[in-house]
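Chemist: This one is upload-v7.pdb, PDB, C-alpha atoms.
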ATOM      1  CA  MET A 583      -6.455  -9.369  -6.295
ATOM      2  CA  ASN A 584      -3.343 -10.754  -4.611
ATOM      3  CA  LYS A 585      -2.176 -10.264  -1.052
ATOM      4  CA  THR A 586       0.131  -7.325  -1.809
ATOM      5  CA  GLN A 587      -2.701  -5.415  -3.483
ATOM      6  CA  LYS A 588      -5.031  -6.189  -0.587
ATOM      7  CA  SER A 589      -2.393  -5.028   1.920
ATOM      8  CA  ALA A 590      -1.907  -1.803  -0.047
ATOM      9  CA  ILE A 591      -5.654  -1.112  -0.085
ATOM     10  CA  PHE A 592      -5.864  -1.936   3.627
ATOM     11  CA  CYS A 593      -3.019   0.519   4.404
ATOM     12  CA  LEU A 594      -4.558   3.173   2.175
ATOM     13  CA  VAL A 595      -7.946   2.955   3.894
ATOM     14  CA  THR A 596      -6.404   2.676   7.377
ATOM     15  CA  PHE A 597      -4.230   5.742   7.035
ATOM     16  CA  LEU A 598      -6.963   7.776   5.365
ATOM     17  CA  PHE A 599      -9.088   6.853   8.362
ATOM     18  CA  CYS A 600      -6.220   7.937  10.660
ATOM     19  CA  VAL A 601      -6.173  11.340   8.981
ATOM     20  CA  VAL A 602      -9.912  11.716   9.639
ATOM     21  CA  VAL A 603      -9.540  10.554  13.241
ATOM     22  CA  MET A 604      -6.684  13.015  13.819
ATOM     23  CA  ALA A 605      -8.630  15.853  12.244
ATOM     24  CA  TYR A 606     -11.655  15.266  14.491
ATOM     25  CA  PRO A 607     -10.005  16.058  17.882
ATOM     26  CA  PHE A 608      -7.938  18.806  16.256
ATOM     27  CA  ILE A 609     -11.106  20.522  15.003
ATOM     28  CA  SER A 610     -12.962  19.885  18.284
ATOM     29  CA  ILE A 611     -10.230  21.299  20.528
ATOM     30  CA  PHE A 612      -8.720  24.118  18.477
ATOM     31  CA  ILE A 613     -11.567  25.297  16.246
ATOM     32  CA  LEU A 614     -14.842  24.425  17.983
ATOM     33  CA  LYS A 615     -13.203  24.817  21.437
ATOM     34  CA  SER A 616     -15.395  22.079  22.917
ATOM     35  CA  TRP A 617     -15.175  18.334  23.541
ATOM     36  CA  PRO A 618     -18.213  16.047  22.875
ATOM     37  CA  GLU A 619     -20.156  14.827  25.914
ATOM     38  CA  SER A 620     -21.615  11.456  24.887
ATOM     39  CA  PHE A 621     -19.600   8.213  24.982
ATOM     40  CA  PHE A 622     -20.218   7.487  21.296
ATOM     41  CA  SER A 623     -19.187  10.993  20.212
ATOM     42  CA  ARG A 624     -15.911  10.712  22.099
ATOM     43  CA  PHE A 625     -15.008   7.126  21.233
ATOM     44  CA  TRP A 626     -16.622   6.554  17.830
ATOM     45  CA  SER A 627     -13.211   6.206  16.256
ATOM     46  CA  MET A 628     -12.224   3.332  18.592
ATOM     47  CA  ILE A 629     -15.460   1.482  17.796
ATOM     48  CA  ALA A 630     -14.987   2.084  14.061
ATOM     49  CA  TYR A 631     -11.421   0.785  14.268
ATOM     50  CA  PHE A 632     -12.512  -2.521  15.827
ATOM     51  CA  VAL A 633     -15.183  -3.041  13.191
ATOM     52  CA  PHE A 634     -12.755  -2.120  10.407
ATOM     53  CA  ILE A 635      -9.963  -4.380  11.698
ATOM     54  CA  ALA A 636     -12.333  -7.360  12.073
ATOM     55  CA  ALA A 637     -13.639  -6.944   8.504
ATOM     56  CA  SER A 638     -10.100  -6.469   7.165
ATOM     57  CA  ILE A 639      -8.870  -9.719   8.694
ATOM     58  CA  ILE A 640     -11.410 -11.629   6.603
ATOM     59  CA  PHE A 641     -10.557  -9.583   3.490
ATOM     60  CA  LEU A 642      -6.804 -10.071   3.857
ATOM     61  CA  ARG A 643      -6.892 -13.779   4.706
ATOM     62  CA  LYS A 644      -8.939 -14.812   1.670
ATOM     63  CA  LYS A 645      -6.656 -16.159  -1.088
ATOM     64  CA  GLN A 646      -7.220 -16.477  -4.819
ATOM     65  CA  SER A 647      -6.175 -20.114  -4.564
ATOM     66  CA  PRO A 648      -4.848 -22.373  -1.759
ATOM     67  CA  ALA A 649      -1.418 -22.542  -3.415
ATOM     68  CA  GLU A 650      -1.090 -18.768  -3.851
ATOM     69  CA  PRO A 651       2.142 -17.458  -2.299
ATOM     70  CA  ASP A 652       1.991 -14.443   0.017
ATOM     71  CA  PHE A 653       4.264 -12.581  -2.381
ATOM     72  CA  ASP A 654       6.456 -13.390  -5.365
ATOM     73  CA  GLU A 655       9.423 -11.728  -7.137
ATOM     74  CA  ARG A 656       7.230  -9.200  -8.934
ATOM     75  CA  ASP A 657       5.572  -8.186  -5.652
ATOM     76  CA  ASP A 658       9.058  -7.730  -4.171
ATOM     77  CA  LEU A 659      10.084  -5.433  -7.003
ATOM     78  CA  ILE A 660       6.874  -3.403  -6.724
ATOM     79  CA  LYS A 661       7.281  -3.034  -2.953
ATOM     80  CA  LYS A 662      10.913  -1.898  -3.330
ATOM     81  CA  ARG A 663       9.889   0.803  -5.808
ATOM     82  CA  ALA A 664       7.039   1.885  -3.534
ATOM     83  CA  VAL A 665       9.416   2.177  -0.557
ATOM     84  CA  LEU A 666      11.713   4.363  -2.656
ATOM     85  CA  VAL A 667       8.834   6.648  -3.653
ATOM     86  CA  SER A 668       7.687   6.824  -0.029
ATOM     87  CA  PHE A 669      11.226   7.693   1.104
ATOM     88  CA  VAL A 670      11.411  10.541  -1.413
ATOM     89  CA  SER A 671       8.031  11.840  -0.222
ATOM     90  CA  VAL A 672       9.301  11.889   3.396
ATOM     91  CA  TRP A 673      12.236  14.096   2.370
ATOM     92  CA  ILE A 674       9.933  16.453   0.459
ATOM     93  CA  LEU A 675       7.554  16.709   3.414
ATOM     94  CA  LEU A 676      10.412  17.274   5.879
ATOM     95  CA  ALA A 677      11.722  20.084   3.702
ATOM     96  CA  ALA A 678       8.229  21.590   3.534
ATOM     97  CA  ALA A 679       7.879  21.247   7.336
ATOM     98  CA  CYS A 680      11.104  23.232   7.743
ATOM     99  CA  ILE A 681      10.289  25.937   5.204
ATOM    100  CA  ILE A 682       6.563  26.617   5.690
ATOM    101  CA  PRO A 683       6.678  27.562   9.428
ATOM    102  CA  ARG A 684       9.258  30.256   8.602
ATOM    103  CA  PHE A 685       6.676  32.022   6.464
ATOM    104  CA  ILE A 686       3.885  31.538   9.026
ATOM    105  CA  VAL A 687       5.562  32.544  12.310
ATOM    106  CA  GLY A 688       8.647  34.293  10.962
ATOM    107  CA  GLU A 689      12.311  33.482  11.478
ATOM    108  CA  THR A 690      12.292  34.173  15.238
ATOM    109  CA  GLY A 691       8.731  32.953  15.887
ATOM    110  CA  ALA A 692       7.688  30.080  18.174
ATOM    111  CA  ILE A 693       5.688  26.924  17.474
ATOM    112  CA  PRO A 694       3.870  24.982  20.213
ATOM    113  CA  VAL A 695       5.254  21.523  20.916
ATOM    114  CA  TYR A 696       2.004  19.734  19.983
ATOM    115  CA  VAL A 697       2.311  21.108  16.431
ATOM    116  CA  LEU A 698       5.567  19.142  16.052
ATOM    117  CA  THR A 699       3.681  15.988  17.080
ATOM    118  CA  PHE A 700       1.056  16.624  14.422
ATOM    119  CA  ILE A 701       3.758  17.318  11.822
ATOM    120  CA  ASN A 702       5.625  14.088  12.629
ATOM    121  CA  LEU A 703       2.479  11.973  12.626
ATOM    122  CA  GLY A 704       1.279  13.671   9.473
ATOM    123  CA  ILE A 705       4.553  12.971   7.634
ATOM    124  CA  PHE A 706       4.414   9.315   8.691
ATOM    125  CA  MET A 707       0.817   8.942   7.567
ATOM    126  CA  VAL A 708       1.393  10.639   4.227
ATOM    127  CA  ALA A 709       4.444   8.421   3.644
ATOM    128  CA  MET A 710       2.309   5.326   4.252
ATOM    129  CA  LEU A 711      -0.417   6.683   1.966
ATOM    130  CA  VAL A 712       2.152   7.378  -0.767
ATOM    131  CA  HIS A 713       3.542   3.841  -0.343
ATOM    132  CA  SER A 714       0.068   2.292  -0.727
ATOM    133  CA  ILE A 715      -0.782   4.449  -3.741
ATOM    134  CA  ALA A 716       2.567   3.602  -5.379
ATOM    135  CA  VAL A 717       1.869  -0.127  -4.959
ATOM    136  CA  LEU A 718      -1.641   0.192  -6.401
ATOM    137  CA  VAL A 719      -0.507   2.358  -9.333
ATOM    138  CA  GLN A 720       2.102  -0.252 -10.262
ATOM    139  CA  TYR A 721      -0.564  -2.935 -10.138
ATOM    140  CA  GLY A 722      -2.919  -0.797 -12.208
ATOM    141  CA  TRP A 723      -5.167   0.231  -9.303
ATOM    142  CA  GLY A 724      -5.977  -3.378  -8.448
ATOM    143  CA  GLY A 725      -8.029  -4.076 -11.496
ATOM    144  CA  LYS A 726      -9.759  -7.405 -11.813
ATOM    145  CA  ASP A 727      -6.606  -9.119 -13.026
ATOM    146  CA  GLY A 728      -4.093  -6.694 -11.483
ATOM    147  CA  GLN A 729      -2.693  -5.804 -14.858
ATOM    148  CA  GLY A 730      -0.539  -2.760 -15.049
TER     149      GLY A 730
ATOM    150  CA  MET B 320      -4.197 -25.018 -18.349
ATOM    151  CA  THR B 321      -5.546 -21.868 -16.722
ATOM    152  CA  GLN B 322      -3.461 -18.927 -15.588
ATOM    153  CA  GLN B 323      -4.225 -19.770 -11.971
ATOM    154  CA  GLU B 324      -3.048 -23.368 -12.426
ATOM    155  CA  LEU B 325       0.175 -22.210 -14.091
ATOM    156  CA  ALA B 326       0.697 -19.658 -11.298
ATOM    157  CA  ASP B 327       0.192 -22.317  -8.626
ATOM    158  CA  LYS B 328       2.654 -24.696 -10.284
ATOM    159  CA  ALA B 329       5.245 -21.964 -10.851
ATOM    160  CA  GLY B 330       4.855 -20.630  -7.301
ATOM    161  CA  VAL B 331       3.782 -17.109  -8.248
ATOM    162  CA  THR B 332       0.565 -15.112  -8.231
ATOM    163  CA  ARG B 333      -1.865 -15.080 -11.139
ATOM    164  CA  GLN B 334      -1.172 -11.358 -11.638
ATOM    165  CA  THR B 335       2.488 -12.124 -12.349
ATOM    166  CA  ILE B 336       1.550 -14.667 -15.030
ATOM    167  CA  ILE B 337      -0.811 -12.126 -16.597
ATOM    168  CA  ALA B 338       1.909  -9.454 -16.564
ATOM    169  CA  ILE B 339       4.380 -11.864 -18.214
ATOM    170  CA  GLU B 340       1.867 -12.796 -20.932
ATOM    171  CA  ALA B 341       1.076  -9.125 -21.572
ATOM    172  CA  GLY B 342       4.773  -8.284 -21.846
ATOM    173  CA  GLY B 343       4.584  -5.983 -18.854
ATOM    174  CA  TYR B 344       7.065  -7.934 -16.752
ATOM    175  CA  SER B 345      10.239  -9.859 -17.547
ATOM    176  CA  PRO B 346      10.592 -12.864 -15.235
ATOM    177  CA  SER B 347      13.853 -13.786 -13.557
ATOM    178  CA  LEU B 348      15.800 -16.774 -14.887
ATOM    179  CA  THR B 349      14.605 -18.872 -11.974
ATOM    180  CA  LEU B 350      10.961 -18.136 -12.689
ATOM    181  CA  ALA B 351      11.431 -18.610 -16.443
ATOM    182  CA  PHE B 352      12.882 -22.081 -15.848
ATOM    183  CA  LYS B 353      10.061 -22.931 -13.442
ATOM    184  CA  ILE B 354       7.488 -21.965 -16.076
ATOM    185  CA  VAL B 355       9.093 -23.970 -18.892
ATOM    186  CA  LYS B 356       9.455 -26.933 -16.553
ATOM    187  CA  VAL B 357       5.677 -26.865 -16.056
ATOM    188  CA  PHE B 358       5.161 -27.104 -19.830
ATOM    189  CA  GLY B 359       8.001 -29.597 -20.286
ATOM    190  CA  VAL B 360       9.597 -27.651 -23.157
ATOM    191  CA  SER B 361      12.752 -25.593 -23.671
ATOM    192  CA  VAL B 362      13.075 -21.925 -22.686
ATOM    193  CA  GLU B 363      13.248 -20.787 -26.321
ATOM    194  CA  GLU B 364       9.847 -22.305 -27.055
ATOM    195  CA  VAL B 365       8.157 -20.218 -24.365
ATOM    196  CA  PHE B 366      10.200 -16.995 -24.237
ATOM    197  CA  GLN B 367      11.440 -15.044 -27.262
ATOM    198  CA  TYR B 368      13.599 -11.942 -27.282
ATOM    199  CA  GLY B 369      11.953  -9.476 -29.608
ATOM    200  CA  LYS B 370      12.649  -5.903 -30.632
ATOM    201  CA  GLY B 371      12.688  -3.770 -27.520
ATOM    202  CA  LYS B 372      11.211  -6.378 -25.195
ATOM    203  CA  SER B 373      11.747  -9.933 -24.045
TER     204      SER B 373
END
Let me see the structure of the file written as structure tokens.

Modeler:
Amino acid sequence: MNKTQKSAIFCLVTFLFCVVVMAYPFISIFILKSWPESFFSRFWSMIAYFVFIAASIIFLRKKQSPAEPDFDERDDLIKKRAVLVSFVSVWILLAAACIIPRFIVGETGAIPVYVLTFINLGIFMVAMLVHSIAVLVQYGWGGKDGQG
Amino acid sequence: MTQQELADKAGVTRQTIIAIEAGGYSPSLTLAFKIVKVFGVSVEEVFQYGKGKS
């Protein structure tokens, strides 16, 4: 696995983790209507992040060979295509974010400000997930030899 | 010569060499010349333009 594939997997796992971390306070505050009491229950995500980042540094730094470049022309091409796919996904999500609330709250309805924050963060995270998936699909899901 | 050794000498990743060998990627002129320089032969001896793919 080369560095671009490792970076794509790292981004994929990181942003999936972000989605889980965002869902946890959202569910606690708006659905369960209560906030955990213990230190670990409140800050488990911060602890998990530190452990994850430390393990990822080792994973990302390890090279297939000492002379391996960080990226080559094929990696460049794959990344450019992935950015294009991610850009298209942002437009689709923005359109959905404009259309869906109309059906939920009506044309003259109101949306709380914090919902806009969740929408913006959600669009960003999905765009990063789409980018990572596009890179991995072009590599063939990071198979042993990265064929694809 | 292994794929990794060729990749190191050509300045690309092993995955790129594999993709070139499998016909899944067409290298740039610069990379093609780097590869043939490693083997010490002409471009035509390493790369052929076939029907529908290079």

Chemist: Ser361 of chain B: which residues within 10 Å, counting only C-alpha atoms, same-chain residues fewer than 6 positions away excluded, as a VMD selection string?

Modeler: chain B and resid 352 354 to 355

Chemist: For the ChimeraX specification (/A :<10) & /B, applied here, can you spell out every residue it catches as a PyMOL selection string?

Modeler: chain B and resi 323-324+326-339+341+343-347+350

Chemist: With C-alpha atoms retained, export the selected residues as a PDB file, in the frame of the given file.

Modeler:
ATOM      1  CA  GLN B 323      -4.225 -19.770 -11.971  1.00  0.00           C
ATOM      2  CA  GLU B 324      -3.048 -23.368 -12.426  1.00  0.00           C
ATOM      3  CA  ALA B 326       0.697 -19.658 -11.298  1.00  0.00           C
ATOM      4  CA  ASP B 327       0.192 -22.317  -8.626  1.00  0.00           C
ATOM      5  CA  LYS B 328       2.654 -24.696 -10.284  1.00  0.00           C
ATOM      6  CA  ALA B 329       5.245 -21.964 -10.851  1.00  0.00           C
ATOM      7  CA  GLY B 330       4.855 -20.630  -7.301  1.00  0.00           C
ATOM      8  CA  VAL B 331       3.782 -17.109  -8.248  1.00  0.00           C
ATOM      9  CA  THR B 332       0.565 -15.112  -8.231  1.00  0.00           C
ATOM     10  CA  ARG B 333      -1.865 -15.080 -11.139  1.00  0.00           C
ATOM     11  CA  GLN B 334      -1.172 -11.358 -11.638  1.00  0.00           C
ATOM     12  CA  THR B 335       2.488 -12.124 -12.349  1.00  0.00           C
ATOM     13  CA  ILE B 336       1.550 -14.667 -15.030  1.00  0.00           C
ATOM     14  CA  ILE B 337      -0.811 -12.126 -16.597  1.00  0.00           C
ATOM     15  CA  ALA B 338       1.909  -9.454 -16.564  1.00  0.00           C
ATOM     16  CA  ILE B 339       4.380 -11.864 -18.214  1.00  0.00           C
ATOM     17  CA  ALA B 341       1.076  -9.125 -21.572  1.00  0.00           C
ATOM     18  CA  GLY B 343       4.584  -5.983 -18.854  1.00  0.00           C
ATOM     19  CA  TYR B 344       7.065  -7.934 -16.752  1.00  0.00           C
ATOM     20  CA  SER B 345      10.239  -9.859 -17.547  1.00  0.00           C
ATOM     21  CA  PRO B 346      10.592 -12.864 -15.235  1.00  0.00           C
ATOM     22  CA  SER B 347      13.853 -13.786 -13.557  1.00  0.00           C
ATOM     23  CA  LEU B 350      10.961 -18.136 -12.689  1.00  0.00           C
TER      24      LEU B 350
END

Chemist: Report the distance between atom CA of Asn702 of chain A and atom CA of Ala677 of chain A in Å, rounded to one decimal place.

Modeler: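 We find that atom CA of Asn702 of chain A and atom CA of Ala677 of chain A lie 12.4 Å from each other.
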
Chemist: What separation in Å, quoted to one decimal, exists between atom CA of Ile674 of chain A and atom CA of Val602 of chain A?

Modeler: 22.4 Å

Chemist: How many Å lie between atom CA of Gln367 of chain B and atom CA of Gly342 of chain B, rounded to one decimal?

Modeler: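 Those two atoms sit 10.9 Å apart.
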
Chemist: May I have the residues within 9 Å of segment 667-672 of chain A as a list in words, using all atoms listed in the file and disregarding those fewer than 2 positions away in the same chain?

Modeler: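 The neighbour list is Lys662, Arg663, Ala664, Val665, Ile674, Leu675, Leu676, Ala677, Ile705, Phe706, Val708, Ala709, Met710, Leu711, Val712, His713, Ser714 and Ala716 of chain A.
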
Chemist: Since the input lacks atoms, please generate N, CA and C atoms for segment 337-359 of chain B and provide them as a compact mmCIF listing (two decimals), keeping the file's coordinate frame.

Modeler:
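The result, stored in rebuild-v6.txt:
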# COMPACT_ATOMS: atom_id res chain seq x y z
N ILE B 337 -0.13 -13.03 -15.67
CA ILE B 337 -0.81 -12.13 -16.60
C ILE B 337 0.15 -11.06 -17.10
N ALA B 338 0.96 -10.50 -16.17
CA ALA B 338 1.91 -9.45 -16.56
C ALA B 338 2.96 -10.00 -17.52
N ILE B 339 3.39 -11.25 -17.31
CA ILE B 339 4.38 -11.86 -18.21
C ILE B 339 3.77 -12.06 -19.59
N GLU B 340 2.54 -12.56 -19.64
CA GLU B 340 1.87 -12.80 -20.93
C GLU B 340 1.63 -11.50 -21.69
N ALA B 341 1.35 -10.42 -20.94
CA ALA B 341 1.08 -9.12 -21.57
C ALA B 341 2.36 -8.38 -21.94
N GLY B 342 3.51 -8.95 -21.55
CA GLY B 342 4.77 -8.28 -21.85
C GLY B 342 5.10 -7.15 -20.90
N GLY B 343 4.37 -7.07 -19.80
CA GLY B 343 4.58 -5.98 -18.85
C GLY B 343 5.63 -6.30 -17.80
N TYR B 344 6.08 -7.54 -17.77
CA TYR B 344 7.06 -7.93 -16.75
C TYR B 344 7.96 -9.01 -17.33
N SER B 345 9.28 -8.84 -17.10
CA SER B 345 10.24 -9.86 -17.55
C SER B 345 10.61 -10.73 -16.35
N PRO B 346 10.31 -12.02 -16.40
CA PRO B 346 10.59 -12.86 -15.24
C PRO B 346 12.09 -13.07 -15.04
N SER B 347 12.45 -13.44 -13.83
CA SER B 347 13.85 -13.79 -13.56
C SER B 347 14.14 -15.14 -14.22
N LEU B 348 15.42 -15.49 -14.29
CA LEU B 348 15.80 -16.77 -14.89
C LEU B 348 15.16 -17.93 -14.13
N THR B 349 15.17 -17.80 -12.81
CA THR B 349 14.60 -18.87 -11.97
C THR B 349 13.14 -19.10 -12.32
N LEU B 350 12.39 -18.01 -12.39
CA LEU B 350 10.96 -18.14 -12.69
C LEU B 350 10.74 -18.64 -14.10
N ALA B 351 11.55 -18.16 -15.05
CA ALA B 351 11.43 -18.61 -16.44
C ALA B 351 11.64 -20.12 -16.53
N PHE B 352 12.63 -20.63 -15.82
CA PHE B 352 12.88 -22.08 -15.85
C PHE B 352 11.75 -22.85 -15.17
N LYS B 353 11.19 -22.27 -14.12
CA LYS B 353 10.06 -22.93 -13.44
C LYS B 353 8.88 -23.05 -14.39
N ILE B 354 8.64 -21.97 -15.16
CA ILE B 354 7.49 -21.96 -16.08
C ILE B 354 7.68 -22.99 -17.19
N VAL B 355 8.88 -23.02 -17.78
CA VAL B 355 9.09 -23.97 -18.89
C VAL B 355 9.09 -25.41 -18.39
N LYS B 356 9.48 -25.58 -17.14
CA LYS B 356 9.46 -26.93 -16.55
C LYS B 356 8.01 -27.42 -16.44
N VAL B 357 7.10 -26.50 -16.15
CA VAL B 357 5.68 -26.86 -16.06
C VAL B 357 5.18 -27.38 -17.40
N PHE B 358 5.60 -26.71 -18.49
CA PHE B 358 5.16 -27.10 -19.83
C PHE B 358 5.98 -28.26 -20.38
N GLY B 359 7.15 -28.51 -19.82
CA GLY B 359 8.00 -29.60 -20.29
C GLY B 359 8.65 -29.30 -21.63
